[in-house]
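Student: The file below is structure.csv, CSV, C-alpha atoms:
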chain,number,residue,atom,x,y,z
E,1358,MET,CA,144.3,87.5,45.9
E,1359,LYS,CA,144.8,87.3,49.6
E,1360,ASN,CA,146.9,90.5,49.5
E,1361,VAL,CA,144.3,92.3,47.5
E,1362,LYS,CA,141.6,91.4,50.1
E,1363,MET,CA,143.8,92.6,52.9
E,1364,LEU,CA,144.5,95.9,51.0
E,1365,ILE,CA,140.8,96.5,50.5
E,1366,SER,CA,140.1,95.7,54.2
E,1367,TYR,CA,142.8,98.2,55.3
E,1368,LEU,CA,141.5,100.9,52.9
E,1369,ILE,CA,138.0,100.5,54.3
E,1370,LEU,CA,139.3,100.6,57.9
E,1371,ILE,CA,141.3,103.8,57.1
E,1372,ILE,CA,138.3,105.5,55.5
E,1373,VAL,CA,136.0,104.6,58.4
E,1374,THR,CA,138.7,105.8,60.9
E,1375,ILE,CA,139.0,109.1,59.1
E,1376,ILE,CA,135.2,109.6,59.1
E,1377,SER,CA,135.0,108.7,62.8
E,1378,VAL,CA,138.0,110.9,64.0
E,1379,PHE,CA,137.4,113.9,61.7
E,1380,PRO,CA,134.6,115.5,63.8
E,1381,PHE,CA,136.8,115.4,66.9
E,1382,PHE,CA,139.8,116.8,65.0
E,1383,TRP,CA,137.7,119.6,63.6
E,1384,MET,CA,136.3,120.4,67.0
E,1385,ILE,CA,139.7,120.7,68.6
E,1386,VAL,CA,141.1,122.7,65.7
E,1387,SER,CA,138.1,125.0,65.7
E,1388,ALA,CA,138.7,125.7,69.4
E,1389,THR,CA,142.0,127.3,68.5
E,1390,ASN,CA,140.7,129.5,65.8
E,1391,LYS,CA,138.6,132.7,65.6
E,1392,SER,CA,134.9,132.5,64.8
E,1393,VAL,CA,135.5,133.8,61.2
E,1394,ASP,CA,138.1,131.1,60.6
E,1395,VAL,CA,135.7,128.4,61.8
E,1396,THR,CA,133.0,129.6,59.4
E,1397,LYS,CA,135.5,129.5,56.6
E,1398,GLY,CA,136.2,125.8,57.4
E,1399,LYS,CA,139.9,126.3,58.4
E,1400,LEU,CA,141.4,122.9,59.2
E,1401,LEU,CA,144.8,124.1,60.6
E,1402,PRO,CA,145.4,124.9,64.3
E,1403,GLY,CA,145.3,128.6,65.2
E,1404,THR,CA,146.6,130.7,68.1
E,1405,HIS,CA,143.3,131.8,69.5
E,1406,LEU,CA,142.7,129.1,72.1
E,1407,PHE,CA,143.5,131.1,75.2
E,1408,GLN,CA,141.5,134.0,74.0
E,1409,ASN,CA,138.5,131.7,73.3
E,1410,PHE,CA,138.8,130.3,76.8
E,1411,LYS,CA,139.0,133.8,78.3
E,1412,ASN,CA,135.9,134.9,76.3
E,1413,LEU,CA,134.1,131.7,77.4
E,1414,LEU,CA,134.7,132.4,81.1
E,1415,GLU,CA,133.5,136.0,80.6
E,1416,THR,CA,130.4,134.8,78.7
E,1417,ILE,CA,129.0,132.0,80.9
E,1418,ASP,CA,129.5,130.6,84.5
E,1419,LEU,CA,131.5,127.6,83.3
E,1420,VAL,CA,132.6,126.2,86.7
E,1421,PRO,CA,129.1,126.1,88.3
E,1422,ALA,CA,127.7,124.4,85.2
E,1423,LEU,CA,130.4,121.8,85.2
E,1424,MET,CA,129.8,121.1,88.9
E,1425,ASN,CA,126.1,120.7,88.4
E,1426,SER,CA,126.7,118.3,85.5
E,1427,ALA,CA,129.2,116.4,87.7
E,1428,LYS,CA,126.8,116.2,90.6
E,1429,ILE,CA,124.0,114.9,88.5
E,1430,SER,CA,126.1,112.4,86.5
E,1431,ILE,CA,128.0,110.9,89.4
E,1432,THR,CA,124.9,110.6,91.6
E,1433,THR,CA,122.9,109.1,88.8
E,1434,THR,CA,125.6,106.6,87.8
E,1435,LEU,CA,126.2,105.4,91.4
E,1436,LEU,CA,122.5,105.0,92.3
E,1437,ALA,CA,121.5,103.6,88.9
E,1438,LEU,CA,124.2,100.9,89.1
E,1439,ILE,CA,123.0,99.7,92.5
E,1440,ILE,CA,119.3,99.8,91.7
E,1441,SER,CA,119.4,98.4,88.2
E,1442,SER,CA,121.9,95.6,89.1
E,1443,LEU,CA,119.7,94.6,92.1
E,1444,ALA,CA,116.7,94.4,89.7
E,1445,GLY,CA,118.6,92.5,87.0
E,1446,TYR,CA,120.1,90.1,89.6
E,1447,GLY,CA,116.7,89.5,91.1
E,1448,PHE,CA,115.0,88.9,87.8
E,1449,GLU,CA,117.6,86.3,86.8
E,1450,ILE,CA,118.4,84.5,90.1
E,1451,TYR,CA,114.8,84.3,91.4
E,1452,ARG,CA,112.9,83.5,88.3
E,1453,SER,CA,109.1,83.0,88.1
E,1454,LYS,CA,106.3,83.5,85.5
E,1455,ALA,CA,105.1,86.7,87.3
E,1456,LYS,CA,108.6,88.2,87.3
E,1457,ASP,CA,109.1,87.3,83.6
E,1458,PHE,CA,105.9,89.1,82.8
E,1459,VAL,CA,107.0,92.2,84.7
E,1460,PHE,CA,110.4,92.0,82.9
E,1461,ASN,CA,108.6,91.8,79.5
E,1462,VAL,CA,106.6,94.9,80.5
E,1463,LEU,CA,109.8,96.7,81.3
E,1464,LEU,CA,111.2,95.8,77.9
E,1465,THR,CA,108.1,97.1,76.2
E,1466,SER,CA,108.6,100.4,78.0
E,1467,MET,CA,111.8,100.9,76.0
E,1468,MET,CA,109.7,101.6,72.9
E,1469,ILE,CA,108.1,104.7,74.5
E,1470,PRO,CA,110.0,107.8,73.6
E,1471,PHE,CA,111.1,110.0,76.5
E,1472,ALA,CA,109.4,113.0,74.8
E,1473,ALA,CA,106.0,111.3,75.5
E,1474,LEU,CA,106.8,111.1,79.2
E,1475,MET,CA,108.0,114.7,79.7
E,1476,VAL,CA,104.5,116.2,80.4
E,1477,PRO,CA,103.4,113.7,83.0
E,1478,LEU,CA,106.8,113.7,84.6
E,1479,PHE,CA,106.8,117.5,84.8
E,1480,GLN,CA,103.3,117.5,86.3
E,1481,MET,CA,104.3,114.9,88.9
E,1482,PHE,CA,107.4,116.9,89.9
E,1483,GLY,CA,105.2,120.0,90.0
E,1484,ILE,CA,102.9,118.3,92.5
E,1485,ILE,CA,105.9,117.1,94.5
E,1486,SER,CA,107.3,120.7,94.7
E,1487,GLY,CA,104.5,121.6,97.1
E,1488,SER,CA,105.2,118.9,99.8
E,1489,MET,CA,108.9,118.1,99.1
E,1490,PRO,CA,110.6,121.1,97.6
E,1491,PHE,CA,114.0,119.3,97.6
E,1492,PHE,CA,112.7,116.9,94.9
E,1493,GLY,CA,110.6,119.4,93.0
E,1494,ILE,CA,110.9,121.5,89.9
E,1495,ASP,CA,114.2,123.4,89.4
E,1496,THR,CA,116.3,121.1,91.7
E,1497,LEU,CA,119.1,118.8,90.8
E,1498,SER,CA,117.2,115.9,92.4
E,1499,ALA,CA,114.4,116.3,89.7
E,1500,ALA,CA,117.1,115.9,87.0
E,1501,ILE,CA,118.4,112.8,88.7
E,1502,LEU,CA,115.4,110.8,89.7
E,1503,PRO,CA,113.9,109.8,86.3
E,1504,SER,CA,117.3,108.3,85.2
E,1505,LEU,CA,117.9,106.1,88.3
E,1506,THR,CA,116.2,103.1,86.7
E,1507,THR,CA,116.1,102.3,83.0
E,1508,ALA,CA,114.8,99.2,81.3
E,1509,PHE,CA,118.0,99.0,79.3
E,1510,LEU,CA,120.3,98.8,82.4
E,1511,ILE,CA,118.0,96.2,84.0
E,1512,PHE,CA,118.1,94.2,80.8
E,1513,PHE,CA,121.9,94.6,80.5
E,1514,PHE,CA,122.5,93.3,84.1
E,1515,ARG,CA,120.0,90.5,83.7
E,1516,GLN,CA,121.7,89.3,80.5
E,1517,SER,CA,125.1,89.5,82.1
E,1518,THR,CA,123.9,87.6,85.1
E,1519,LYS,CA,123.1,84.7,82.9
E,1520,MET,CA,126.9,84.2,82.5
E,1521,PHE,CA,127.4,84.4,86.3
E,1522,PRO,CA,128.5,81.1,87.9
E,1523,LYS,CA,125.6,80.1,90.2
E,1524,ASP,CA,127.9,77.7,92.2
E,1525,ILE,CA,129.6,80.7,93.7
E,1526,LEU,CA,126.3,81.9,95.1
E,1527,GLU,CA,125.5,78.6,96.6
E,1528,ALA,CA,129.0,78.5,98.2
E,1529,GLY,CA,128.4,81.9,99.7
E,1530,ARG,CA,125.0,80.8,101.2
E,1531,ILE,CA,126.5,77.7,102.6
E,1532,ASP,CA,129.2,79.8,104.3
E,1533,GLY,CA,126.4,81.8,106.0
E,1534,LEU,CA,126.1,84.9,103.9
E,1535,SER,CA,122.7,86.5,103.7
E,1536,GLU,CA,121.3,87.3,100.3
E,1537,ILE,CA,122.4,90.9,100.6
E,1538,GLY,CA,125.8,89.7,101.6
E,1539,VAL,CA,126.0,87.4,98.6
E,1540,PHE,CA,125.1,90.3,96.3
E,1541,PHE,CA,127.5,92.9,97.7
E,1542,ARG,CA,130.4,90.6,98.6
E,1543,ILE,CA,130.3,88.0,95.8
E,1544,TYR,CA,128.2,89.3,92.9
E,1545,ILE,CA,129.5,92.9,92.6
E,1546,PRO,CA,133.2,92.0,92.8
E,1547,THR,CA,132.8,89.2,90.2
E,1548,MET,CA,130.8,91.4,87.8
E,1549,LYS,CA,133.1,94.4,87.9
E,1550,THR,CA,133.5,94.5,84.1
E,1551,THR,CA,129.7,94.6,83.7
E,1552,TYR,CA,129.5,97.4,86.2
E,1553,ALA,CA,132.3,99.3,84.4
E,1554,ALA,CA,130.5,99.1,81.0
E,1555,ALA,CA,127.2,100.2,82.7
E,1556,ALA,CA,128.9,103.0,84.5
E,1557,ILE,CA,130.4,104.4,81.2
E,1558,ILE,CA,127.0,104.2,79.4
E,1559,THR,CA,125.1,105.8,82.3
E,1560,PHE,CA,127.6,108.5,83.0
E,1561,MET,CA,127.9,109.6,79.3
E,1562,ALA,CA,124.1,109.6,78.9
E,1563,SER,CA,123.6,111.6,82.0
E,1564,TRP,CA,126.5,114.0,81.3
E,1565,ASN,CA,125.2,114.7,77.8
E,1566,ASN,CA,121.5,114.8,78.7
E,1567,TYR,CA,119.8,117.9,77.4
E,1568,LEU,CA,116.1,117.5,77.0
E,1569,TRP,CA,114.9,116.8,80.6
E,1570,PRO,CA,117.3,119.2,82.3
E,1571,LEU,CA,116.1,121.9,79.8
E,1572,VAL,CA,112.5,121.3,81.0
E,1573,VAL,CA,113.1,120.9,84.7
E,1574,LEU,CA,116.1,123.1,85.5
E,1575,GLN,CA,114.8,126.7,85.2
E,1576,SER,CA,117.3,128.7,87.3
E,1577,PRO,CA,120.6,129.9,85.8
E,1578,GLU,CA,122.5,128.6,88.8
E,1579,ASN,CA,121.2,125.0,88.3
E,1580,GLN,CA,121.9,124.8,84.6
E,1581,THR,CA,124.2,122.1,83.3
E,1582,ILE,CA,127.0,122.4,80.7
E,1583,PRO,CA,124.9,121.2,77.7
E,1584,LEU,CA,122.3,123.9,78.5
E,1585,LEU,CA,124.9,126.6,78.6
E,1586,ILE,CA,126.5,125.4,75.3
E,1587,SER,CA,123.0,125.6,73.8
E,1588,THR,CA,122.7,129.2,75.1
E,1589,LEU,CA,126.0,130.1,73.4
E,1590,GLY,CA,124.7,128.7,70.1
E,1591,SER,CA,121.4,130.5,70.2
E,1592,ALA,CA,123.0,134.0,70.5
E,1593,TYR,CA,122.3,136.6,67.8
E,1594,SER,CA,125.9,136.4,66.6
E,1595,PRO,CA,127.4,133.2,68.0
E,1596,ASP,CA,131.2,133.0,68.5
E,1597,TYR,CA,132.0,129.5,67.0
E,1598,GLY,CA,135.5,129.5,68.4
E,1599,VAL,CA,134.1,130.0,71.9
E,1600,ILE,CA,131.4,127.4,71.3
E,1601,MET,CA,133.9,124.8,70.2
E,1602,THR,CA,136.1,125.6,73.2
E,1603,ALA,CA,133.1,124.9,75.5
E,1604,ILE,CA,132.3,121.7,73.6
E,1605,VAL,CA,135.9,120.5,74.0
E,1606,ILE,CA,135.8,121.2,77.8
E,1607,ALA,CA,132.4,119.4,78.0
E,1608,THR,CA,133.7,116.4,76.1
E,1609,LEU,CA,136.9,115.9,78.2
E,1610,PRO,CA,135.3,114.2,81.4
E,1611,ALA,CA,133.3,111.6,79.5
E,1612,ALA,CA,136.2,110.9,77.1
E,1613,LEU,CA,138.6,110.6,80.1
E,1614,ILE,CA,136.4,108.1,81.9
E,1615,PHE,CA,135.9,106.1,78.7
E,1616,PHE,CA,139.6,105.8,77.9
E,1617,ILE,CA,140.4,104.9,81.5
E,1618,MET,CA,137.8,102.1,81.6
E,1619,GLN,CA,137.8,101.0,78.0
E,1620,LYS,CA,139.2,97.6,78.6
E,1621,HIS,CA,136.6,96.8,81.2
E,1622,PHE,CA,134.0,98.4,78.9
E,1623,VAL,CA,134.8,96.0,76.0
E,1624,ALA,CA,134.8,93.0,78.4
E,1625,GLY,CA,131.6,94.0,80.0
E,1626,MET,CA,129.8,94.5,76.6
E,1627,MET,CA,131.0,91.1,75.5
E,1628,GLY,CA,129.4,89.6,78.6
E,1629,SER,CA,132.6,88.2,80.3
E,1630,VAL,CA,132.6,87.6,84.0
E,1631,LYS,CA,135.8,87.9,86.0
Can the structure from this file be put into structure tokens for me?
Tutor:
Amino acid sequence: MKNVKMLISYLILIIVTIISVFPFFWMIVSATNKSVDVTKGKLLPGTHLFQNFKNLLETIDLVPALMNSAKISITTTLLALIISSLAGYGFEIYRSKAKDFVFNVLLTSMMIPFAALMVPLFQMFGIISGSMPFFGIDTLSAAILPSLTTAFLIFFFRQSTKMFPKDILEAGRIDGLSEIGVFFRIYIPTMKTTYAAAAIITFMASWNNYLWPLVVLQSPENQTIPLLISTLGSAYSPDYGVIMTAIVIATLPAALIFFIMQKHFVAGMMGSVK
């Protein structure tokens, strides 16, 4: 009976693994085939990868788009980690009824879809464009600013801070550290797994962000890689081999960061503190 249960468990795991991995397998295989082979559903690797890559470079400005995505994602990740961790740290360490009320309001804001905020955000950045062009419409700054603080990240850091040993904070204060010193010299090094998990989540969300950059980035030289891939797909006769090649290239940075930091990601999501 025990062996039967184990066999069923392994069969379920195998099926789930195949379902999870198949889209990535099909994406990589399709990048090596011609467009007509992709539409036919060919599942064997082809010999058209370099031609697809050459056609991709001739069709779109790939490198500038990758650089724009990298600038937006890296800047957003670094600033979001600092701002959101400061907020989460403050909400948990310096608790009061007023702060709990503000935190509950932040959690409530998670129920508002981003599509409902696009119009007021666009109007706000349109007003800013007149006085501060660097932060206005059609700038990378406009694509970065709305993502710097999210209710989810603040909630994530506050929940992780509940596991933080408060005695270490008191020891730092007794040794003469200021509150800023305690945060940067004690809290951040101790919570590195939480920061790693938050960094992966933020980077991947920013790298794959499509809706807001589509609205706010209007010049071709400011477009990100998801926008260019969308342009390839909306052509009159799309070349699916080229599209799949572009998707593989766009997937590599996020996948690389995840695989490098996956151990820290798992520990951070489990709420462990090291």
Student: If we count all atoms listed in the file and set the cut-off at 12 Å, which residues sit around Phe1407 of chain E, ignoring sequence neighbours fewer than 6 positions away in its own chain? Please answer as a list of chain:residue names.
Tutor: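 Residues meeting the cut-off are E:Ala1388, E:Thr1389, E:Asn1390, E:Lys1391, E:Leu1413, E:Leu1414, E:Gly1598, E:Val1599, E:Thr1602.
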Student: I'd like the interatomic distance between atom CA of Thr1434 of chain E and atom CA of Ser1504 of chain E, to a tenth of an Å.
Tutor: 8.9 Å
Student: May I ask which of the residues E:Ile1372, E:Leu1568, E:Ser1426, E:Pro1577 is the closest one to Ala1472 of chain E, counting all atoms listed in the file?
Tutor: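 Counting all atoms listed in the file, the residue closest to Ala1472 of chain E is E:Leu1568.
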Student: What does the distance between atom CA of Ala1556 of chain E and atom CA of Pro1470 of chain E come to in Å, to one decimal place?
Tutor: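 That distance, rounded to one decimal, is 22.3 Å.
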Student: Given the choices E:Thr1432, E:Thr1416, E:Thr1374, E:Ser1488, which gets closest to Ile1586 of chain E if the distance is worked out from all atoms listed in the file?
Tutor: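 Distance minimum relative to Ile1586 of chain E lands on E:Thr1416.
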Student: Can you tell me, as an mmCIF file with C-alpha atoms, in the frame of the given file, what residues are no more than 9 Å from Gln1516 of chain E when counting all atoms listed in the file, ignoring any on the same chain fewer than 4 positions away?
Tutor:
data_model
loop_
_atom_site.group_PDB
_atom_site.id
_atom_site.type_symbol
_atom_site.label_atom_id
_atom_site.label_comp_id
_atom_site.auth_asym_id
_atom_site.auth_seq_id
_atom_site.Cartn_x
_atom_site.Cartn_y
_atom_site.Cartn_z
ATOM 1 C CA GLY E 1445 118.600 92.500 87.000
ATOM 2 C CA GLU E 1449 117.600 86.300 86.800
ATOM 3 C CA ILE E 1511 118.000 96.200 84.000
ATOM 4 C CA PHE E 1512 118.100 94.200 80.800
ATOM 5 C CA MET E 1520 126.900 84.200 82.500
ATOM 6 C CA GLY E 1628 129.400 89.600 78.600
#
Student: Between E:Ile1606, E:Ile1531, E:Ile1431, E:Ala1554, single out the one closest to Lys1620 of chain E, counting all atoms listed in the file.
Tutor: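 Ranking E:Ile1606, E:Ile1531, E:Ile1431, E:Ala1554 by distance to Lys1620 of chain E, first place goes to E:Ala1554.
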Student: Compare E:Leu1364, E:Met1468, E:Leu1435, E:Leu1423 by their minimum atom-to-atom distance to Asn1565 of chain E, counting all atoms listed in the file, and give me the closest one.
Tutor: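 Residue with the minimum atom-to-atom distance to Asn1565 of chain E: E:Leu1423.
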Student: Between atom CA of Thr1550 of chain E and atom CA of Phe1513 of chain E, what is the distance in Å, rounded to a tenth?
Tutor: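 Computing it gives 12.1 Å between the two atoms.
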Student: Calculated over only C-alpha atoms, which of the candidates E:Val1476, E:Val1420, E:Met1601, E:Leu1464 has the smallest distance to His1405 of chain E?
Tutor: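 Checking each candidate against His1405 of chain E, we get E:Met1601 as the closest.
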Student: Return the single residue from E:Ala1499, E:Phe1410, E:Ile1543, E:Ser1366 that is closest to Ala1528 of chain E, with distances computed using all atoms listed in the file.
Tutor: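 For Ala1528 of chain E, the nearest of the given residues is E:Ile1543.
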Student: Which polymer residues have any atom within 12 Å of an atom of Pro1380 of chain E, counting all atoms listed in the file, with same-chain residues fewer than 6 positions away left out, as a PDB file with C-alpha atoms, in the coordinates of the input?
Tutor:
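Output saved as part_18.pdb:
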ATOM      1  CA  THR E1374     138.700 105.800  60.900  1.00  0.00           C
ATOM      2  CA  VAL E1386     141.100 122.700  65.700  1.00  0.00           C
ATOM      3  CA  SER E1387     138.100 125.000  65.700  1.00  0.00           C
ATOM      4  CA  LEU E1400     141.400 122.900  59.200  1.00  0.00           C
ATOM      5  CA  MET E1601     133.900 124.800  70.200  1.00  0.00           C
ATOM      6  CA  ILE E1604     132.300 121.700  73.600  1.00  0.00           C
ATOM      7  CA  VAL E1605     135.900 120.500  74.000  1.00  0.00           C
TER       8      VAL E1605
END
